[in-house]
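Participant: Here you go, work03.cif (mmCIF, C-alpha atoms):
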```cif
data_data
loop_
_atom_site.label_atom_id
_atom_site.label_comp_id
_atom_site.auth_asym_id
_atom_site.auth_seq_id
_atom_site.Cartn_x
_atom_site.Cartn_y
_atom_site.Cartn_z
CA MET A 1 43.66 -66.43 99.21
CA GLN A 2 47.22 -65.17 98.95
CA PHE A 3 46.21 -61.77 97.61
CA ILE A 4 44.16 -61.02 100.73
CA ASP A 5 47.14 -62.01 102.89
CA PHE A 6 49.40 -59.84 100.73
CA CYS A 7 47.11 -56.83 101.22
CA GLU A 8 47.48 -57.25 104.98
CA ILE A 9 51.18 -56.45 104.53
CA VAL A 10 51.31 -54.10 101.54
CA PRO A 11 48.70 -51.37 101.01
CA LEU A 12 46.69 -52.10 97.87
CA LYS A 13 47.32 -48.69 96.32
CA ASP A 14 51.08 -49.20 96.68
CA ALA A 15 51.21 -52.87 95.71
CA SER A 16 52.84 -53.75 92.44
CA ILE A 17 52.29 -56.84 90.33
CA LYS A 18 55.97 -57.63 90.73
CA GLU A 19 55.72 -57.54 94.54
CA PHE A 20 52.62 -59.70 94.57
CA ALA A 21 54.16 -62.21 92.16
CA GLU A 22 57.21 -62.50 94.42
CA PHE A 23 54.97 -62.89 97.48
CA ALA A 24 52.94 -65.62 95.76
CA GLY A 25 56.01 -67.35 94.38
CA ILE A 26 55.01 -66.91 90.75
CA SER A 27 56.45 -65.03 87.81
CA LYS A 28 54.93 -61.82 86.49
CA GLN A 29 54.16 -63.69 83.28
CA THR A 30 52.19 -66.32 85.21
CA PHE A 31 50.20 -63.51 86.83
CA TYR A 32 49.39 -62.02 83.43
CA ASN A 33 48.37 -65.44 82.11
CA TYR A 34 45.42 -65.28 84.53
CA PHE A 35 44.76 -61.61 85.22
CA GLN A 36 44.73 -58.40 83.19
CA ASP A 37 45.81 -56.17 86.04
CA LYS A 38 45.61 -55.64 89.79
CA ALA A 39 41.92 -54.70 89.62
CA ASP A 40 41.15 -57.99 87.87
CA LEU A 41 42.87 -59.87 90.71
CA MET A 42 40.97 -57.84 93.31
CA ASN A 43 37.67 -58.71 91.68
CA TYR A 44 38.69 -62.37 91.50
CA ALA A 45 39.46 -62.34 95.25
CA TYR A 46 35.95 -60.95 95.87
CA GLU A 47 34.44 -63.64 93.62
CA ILE A 48 36.19 -66.40 95.54
CA GLY A 49 34.98 -64.89 98.84
CA SER A 50 31.38 -64.60 97.68
CA GLN A 51 30.98 -67.72 95.52
CA LYS A 52 29.59 -70.06 98.20
CA ILE A 53 27.31 -67.32 99.54
CA VAL A 54 25.75 -66.77 96.11
CA GLU A 55 25.41 -70.52 95.51
CA ASP A 56 23.51 -70.91 98.80
CA MET A 57 20.96 -68.20 97.98
CA ARG A 58 17.71 -69.87 96.98
CA GLY A 59 15.95 -66.85 95.55
CA SER A 60 13.82 -65.83 98.51
CA VAL A 61 13.80 -62.65 100.56
CA SER A 62 15.11 -64.43 103.66
CA SER A 63 17.79 -66.18 101.62
CA LEU A 64 18.93 -62.86 100.11
CA ARG A 65 19.04 -61.35 103.60
CA ASP A 66 21.12 -64.29 104.84
CA GLY A 67 23.48 -63.79 101.89
CA ALA A 68 23.90 -60.11 102.74
CA VAL A 69 24.67 -61.01 106.37
CA ARG A 70 27.24 -63.60 105.31
CA MET A 71 28.88 -61.21 102.82
CA ALA A 72 29.17 -58.54 105.52
CA GLN A 73 30.71 -61.14 107.83
CA VAL A 74 33.29 -62.00 105.15
CA CYS A 75 34.12 -58.30 104.88
CA LEU A 76 34.54 -58.06 108.65
CA ARG A 77 36.84 -61.11 108.73
CA ASN A 78 38.98 -59.55 105.99
CA LYS A 79 38.42 -55.95 107.05
CA LYS A 80 41.74 -54.51 105.92
CA PHE A 81 41.44 -56.06 102.46
CA TYR A 82 37.81 -55.02 101.85
CA THR A 83 38.40 -51.52 103.18
CA GLN A 84 41.23 -51.09 100.70
CA LEU A 85 39.14 -52.68 97.95
CA ALA A 86 36.26 -50.24 98.55
CA ARG A 87 38.61 -47.28 98.39
CA TYR A 88 40.58 -48.37 95.34
CA GLU A 89 39.31 -46.32 92.44
CA THR A 90 40.48 -47.38 89.03
CA GLN A 91 39.11 -48.75 85.81
CA ASN A 92 37.47 -52.17 86.36
CA ASN A 93 37.26 -51.46 90.09
CA PHE A 94 35.51 -53.40 92.82
CA ILE A 95 32.47 -51.12 93.04
CA GLN A 96 31.68 -51.57 89.34
CA HIS A 97 32.32 -55.31 89.55
CA PHE A 98 30.26 -55.69 92.74
CA THR A 99 27.31 -53.81 91.22
CA HIS A 100 27.39 -55.90 88.05
CA ARG A 101 27.63 -59.12 90.07
CA CYS A 102 24.71 -58.06 92.26
CA GLU A 103 22.59 -57.45 89.16
CA LEU A 104 23.44 -60.88 87.79
CA VAL A 105 22.56 -62.60 91.06
CA TYR A 106 19.11 -61.02 91.15
CA GLN A 107 18.51 -61.79 87.48
CA GLU A 108 19.63 -65.40 87.89
CA LYS A 109 17.56 -66.01 91.03
CA LEU A 110 14.41 -64.50 89.49
CA ALA A 111 14.91 -66.36 86.20
CA ALA A 112 15.41 -69.65 88.09
CA LEU A 113 12.12 -69.14 89.90
CA HIS A 114 9.97 -67.71 87.10
CA GLY A 115 11.78 -68.34 83.81
CA ALA A 116 14.06 -66.10 81.78
CA GLN A 117 11.11 -64.22 80.25
CA ILE A 118 10.53 -62.50 83.61
CA ILE A 119 13.74 -60.50 83.01
CA ASP A 120 12.45 -58.01 80.46
CA ASN A 121 13.88 -54.51 79.95
CA ARG A 122 11.77 -52.99 82.71
CA MET A 123 12.81 -55.65 85.24
CA ARG A 124 16.44 -55.38 84.15
CA ARG A 125 16.36 -51.61 84.82
CA ILE A 126 14.68 -52.04 88.20
CA ILE A 127 17.30 -54.62 89.18
CA HIS A 128 20.04 -52.26 87.98
CA VAL A 129 18.78 -49.30 90.01
CA TYR A 130 18.33 -51.46 93.11
CA SER A 131 21.77 -53.04 92.68
CA VAL A 132 23.45 -49.64 92.35
CA GLY A 133 21.75 -48.55 95.58
CA VAL A 134 22.60 -51.76 97.45
CA CYS A 135 26.22 -51.71 96.37
CA THR A 136 26.64 -48.00 97.11
CA TYR A 137 25.21 -48.54 100.60
CA PHE A 138 27.34 -51.65 101.21
CA VAL A 139 30.53 -49.95 100.01
CA GLU A 140 29.81 -46.91 102.19
CA TRP A 141 29.40 -49.29 105.14
CA ILE A 142 32.82 -50.77 104.33
CA ARG A 143 34.40 -47.33 103.93
CA SER A 144 32.94 -46.16 107.25
CA ASP A 145 34.83 -48.86 109.16
CA MET A 146 31.98 -51.42 109.21
CA LYS A 147 30.56 -50.17 112.50
CA ASP A 148 26.99 -51.39 112.02
CA PRO A 149 26.40 -55.13 112.55
CA PRO A 150 25.92 -57.34 109.47
CA GLU A 151 22.28 -58.06 110.41
CA TYR A 152 21.49 -54.34 110.44
CA ILE A 153 23.08 -53.87 107.01
CA ALA A 154 21.13 -56.84 105.62
CA ASP A 155 17.86 -55.54 107.07
CA ILE A 156 18.36 -52.16 105.37
CA ILE A 157 19.17 -53.85 102.06
CA VAL A 158 16.09 -56.07 102.22
CA SER A 159 13.83 -53.22 103.34
CA CYS A 160 14.72 -51.37 100.12
CA LEU A 161 13.88 -54.34 97.89
CA PRO A 162 11.52 -53.13 95.13
CA LEU A 163 7.97 -54.35 95.61
CA CYS A 164 7.82 -56.02 92.19
CA ILE A 165 10.89 -58.12 93.06
CA ARG A 166 9.70 -58.83 96.60
CA LYS A 167 6.40 -60.19 95.24
CA LEU A 168 8.28 -62.55 92.95
CA LEU A 169 10.41 -63.82 95.83
CA GLU A 170 7.91 -64.01 98.71
CA PRO A 171 6.01 -67.15 97.68
CA GLU A 172 9.10 -69.14 98.66
CA ASP A 173 9.21 -67.42 102.06
CA ASP A 174 5.87 -68.86 103.22
#
```
So that I can check it, write out the structure of this file as structure tokens.
Facilitator:
Amino acid sequence: MQFIDFCEIVPLKDASIKEFAEFAGISKQTFYNYFQDKADLMNYAYEIGSQKIVEDMRGSVSSLRDGAVRMAQVCLRNKKFYTQLARYETQNNFIQHFTHRCELVYQEKLAALHGAQIIDNRMRRIIHVYSVGVCTYFVEWIRSDMKDPPEYIADIIVSCLPLCIRKLLEPEDD
């Protein structure tokens, strides 16, 4: 994606919409036809990078682990971009978006396996707390220069999976 390439050249915090539009060969108006602001574009770039990973997750513990490994690998391949993304603090920032997306993935995978009724208020809150923890840990890994291998990160994330969620996912792991 052009925005990731752009962030290799221009630091995210310094990048203007005008500069990006020129880099991408579009007008500022065209940019604003698709995005509210720079944060919206950043989140879109993450979505594009994670879309196939999320689609491939079946809703099992091993599949979720594989997804975490693959997402960490994407971050490593685009290290400069994701490091900037994790440090960019603004309204509608990556951390908030990533946490919300993580919650939706867990809700969708559990609902696909057990029906939408499984996602009651209690389960929604458990998923929220877990997602906040996962995303905080993942973002800290990004901010700390991604020194630990993706498999290690994924193992930590899976080891913290709440028991009630793990039990709903494990039948598919047999």
Participant: What lies within 8 Å of stretch 44-49 of chain A using all atoms listed in the file, ignoring chain neighbours under 2 positions off, as a ChimeraX atom specification?
Facilitator: /A:1,3-4,40-42,51-52,74
Participant: Would you write out those residues with C-alpha atoms, as a compact mmCIF listing (two decimals), in the frame of the given file?
Facilitator:
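That gives us result_32.txt:
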```txt
# COMPACT_ATOMS: atom_id res chain seq x y z
CA MET A 1 43.66 -66.43 99.21
CA PHE A 3 46.21 -61.77 97.61
CA ILE A 4 44.16 -61.02 100.73
CA ASP A 40 41.15 -57.99 87.87
CA LEU A 41 42.87 -59.87 90.71
CA MET A 42 40.97 -57.84 93.31
CA GLN A 51 30.98 -67.72 95.52
CA LYS A 52 29.59 -70.06 98.20
CA VAL A 74 33.29 -62.00 105.15
```
Participant: Selection in question (the file shown): the PyMOL selection byres ((chain A and resi 142) around 8). Which residues does it include, as a PyMOL selection string?
Facilitator: chain A and resi 75+82-83+86+138-141+143-146
Participant: Write the residues you've just listed into a file as an mmCIF file, keeping the file's coordinate frame, and include C-alpha atoms for each of them.
Facilitator:
```cif
data_model
loop_
_atom_site.group_PDB
_atom_site.id
_atom_site.type_symbol
_atom_site.label_atom_id
_atom_site.label_comp_id
_atom_site.auth_asym_id
_atom_site.auth_seq_id
_atom_site.Cartn_x
_atom_site.Cartn_y
_atom_site.Cartn_z
ATOM 1 C CA CYS A 75 34.120 -58.300 104.880
ATOM 2 C CA TYR A 82 37.810 -55.020 101.850
ATOM 3 C CA THR A 83 38.400 -51.520 103.180
ATOM 4 C CA ALA A 86 36.260 -50.240 98.550
ATOM 5 C CA PHE A 138 27.340 -51.650 101.210
ATOM 6 C CA VAL A 139 30.530 -49.950 100.010
ATOM 7 C CA GLU A 140 29.810 -46.910 102.190
ATOM 8 C CA TRP A 141 29.400 -49.290 105.140
ATOM 9 C CA ARG A 143 34.400 -47.330 103.930
ATOM 10 C CA SER A 144 32.940 -46.160 107.250
ATOM 11 C CA ASP A 145 34.830 -48.860 109.160
ATOM 12 C CA MET A 146 31.980 -51.420 109.210
#
```
Participant: Nearest to A:Pro149 among A:Gln107, A:Asn43, A:Asn93, A:Gln73, with distances taken over only C-alpha atoms: which residue is it?
Facilitator: A:Gln73
Participant: So what do you get for atom CA of A:Pro150 versus atom CA of A:Lys13, distance-wise?
Facilitator: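 Atom CA of A:Lys13 lies 26.6 Å from atom CA of A:Pro150.
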Participant: Give, as JSON, the centre coordinates and the x, y and z edge lengths in Å to one decimal for an axis-aligned box around all listed atoms of stretch 68-77 of chain A, padded by 8 Å on each side.
Facilitator:
```
{"center_x": 30.4, "center_y": -60.8, "center_z": 105.7, "size_x": 28.9, "size_y": 21.5, "size_z": 22.0}
```
Participant: Can you tell me how far atom CA of A:Tyr106 sits from atom CA of A:Glu151, in Å to one decimal?
Facilitator: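 Atom CA of A:Glu151 lies 19.7 Å from atom CA of A:Tyr106.
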Participant: Pick out the residues sitting within 12 Å of A:Asp56, and hand them over as a compact mmCIF listing (two decimals) with C-alpha atoms, in the frame of the given file; count only C-alpha atoms, and ignore anything fewer than 2 positions along from it in its own chain.
Facilitator:
```
# COMPACT_ATOMS: atom_id res chain seq x y z
CA SER A 50 31.38 -64.60 97.68
CA GLN A 51 30.98 -67.72 95.52
CA LYS A 52 29.59 -70.06 98.20
CA ILE A 53 27.31 -67.32 99.54
CA VAL A 54 25.75 -66.77 96.11
CA ARG A 58 17.71 -69.87 96.98
CA GLY A 59 15.95 -66.85 95.55
CA SER A 60 13.82 -65.83 98.51
CA SER A 62 15.11 -64.43 103.66
CA SER A 63 17.79 -66.18 101.62
CA LEU A 64 18.93 -62.86 100.11
CA ARG A 65 19.04 -61.35 103.60
CA ASP A 66 21.12 -64.29 104.84
CA GLY A 67 23.48 -63.79 101.89
CA ALA A 68 23.90 -60.11 102.74
CA ARG A 70 27.24 -63.60 105.31
CA MET A 71 28.88 -61.21 102.82
CA VAL A 105 22.56 -62.60 91.06
CA LYS A 109 17.56 -66.01 91.03
```
Participant: In Å, rounded to a single decimal, give me how far atom CA of A:Lys80 is from atom CA of A:Phe20.
Facilitator: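 About the pair atom CA of A:Phe20 and atom CA of A:Lys80: they are 16.6 Å apart.
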Participant: Within 12 Å of A:Lys28, counting all atoms listed in the file, which residues show up once you throw out same-chain ones fewer than 5 positions away? Write them as an MDAnalysis selection string, please.
Facilitator: chainID A and resid 16:23 33:38
Participant: My list of candidates is A:Ala24, A:Val10, A:Ile126, A:Ile95. Which is closest to A:Ala39 when distances are computed with all atoms listed in the file?
Facilitator: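 Looking at the shortest contact to A:Ala39, the residue is A:Ile95.
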Participant: Given all atoms listed in the file as the basis, pick out the residue of A:Glu89, A:Gln96, A:Leu76, A:Val61 nearest to A:Asp148.
Facilitator: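 The shortest atom-to-atom distance to A:Asp148 comes from A:Leu76.
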Participant: I'd like to see the residues matched by the PyMOL selection byres ((chain A and resi 12) around 9) on this file, and ideally I'd get them as a ChimeraX atom specification.
Facilitator: /A:6-8,10-11,13-16,38,81,84-85,88
Participant: Got a sec to resolve the PyMOL selection byres ((chain A and resi 127) around 9) on this structure and send the residues as a PyMOL selection string?
Facilitator: chain A and resi 102-104+106-107+122-126+128-132+162+165
Participant: Point out the residue among A:Leu169, A:Leu161, A:Thr136, A:Ile156 with the least atom-to-atom distance to A:Ala112, counting all atoms listed in the file.
Facilitator: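 Smallest separation from A:Ala112 among the options: A:Leu169.
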Participant: Compare A:Phe31, A:Arg77, A:Glu170, A:Ile26 by their minimum atom-to-atom distance to A:Asp5, counting all atoms listed in the file, and give me the closest one.
Facilitator: A:Arg77
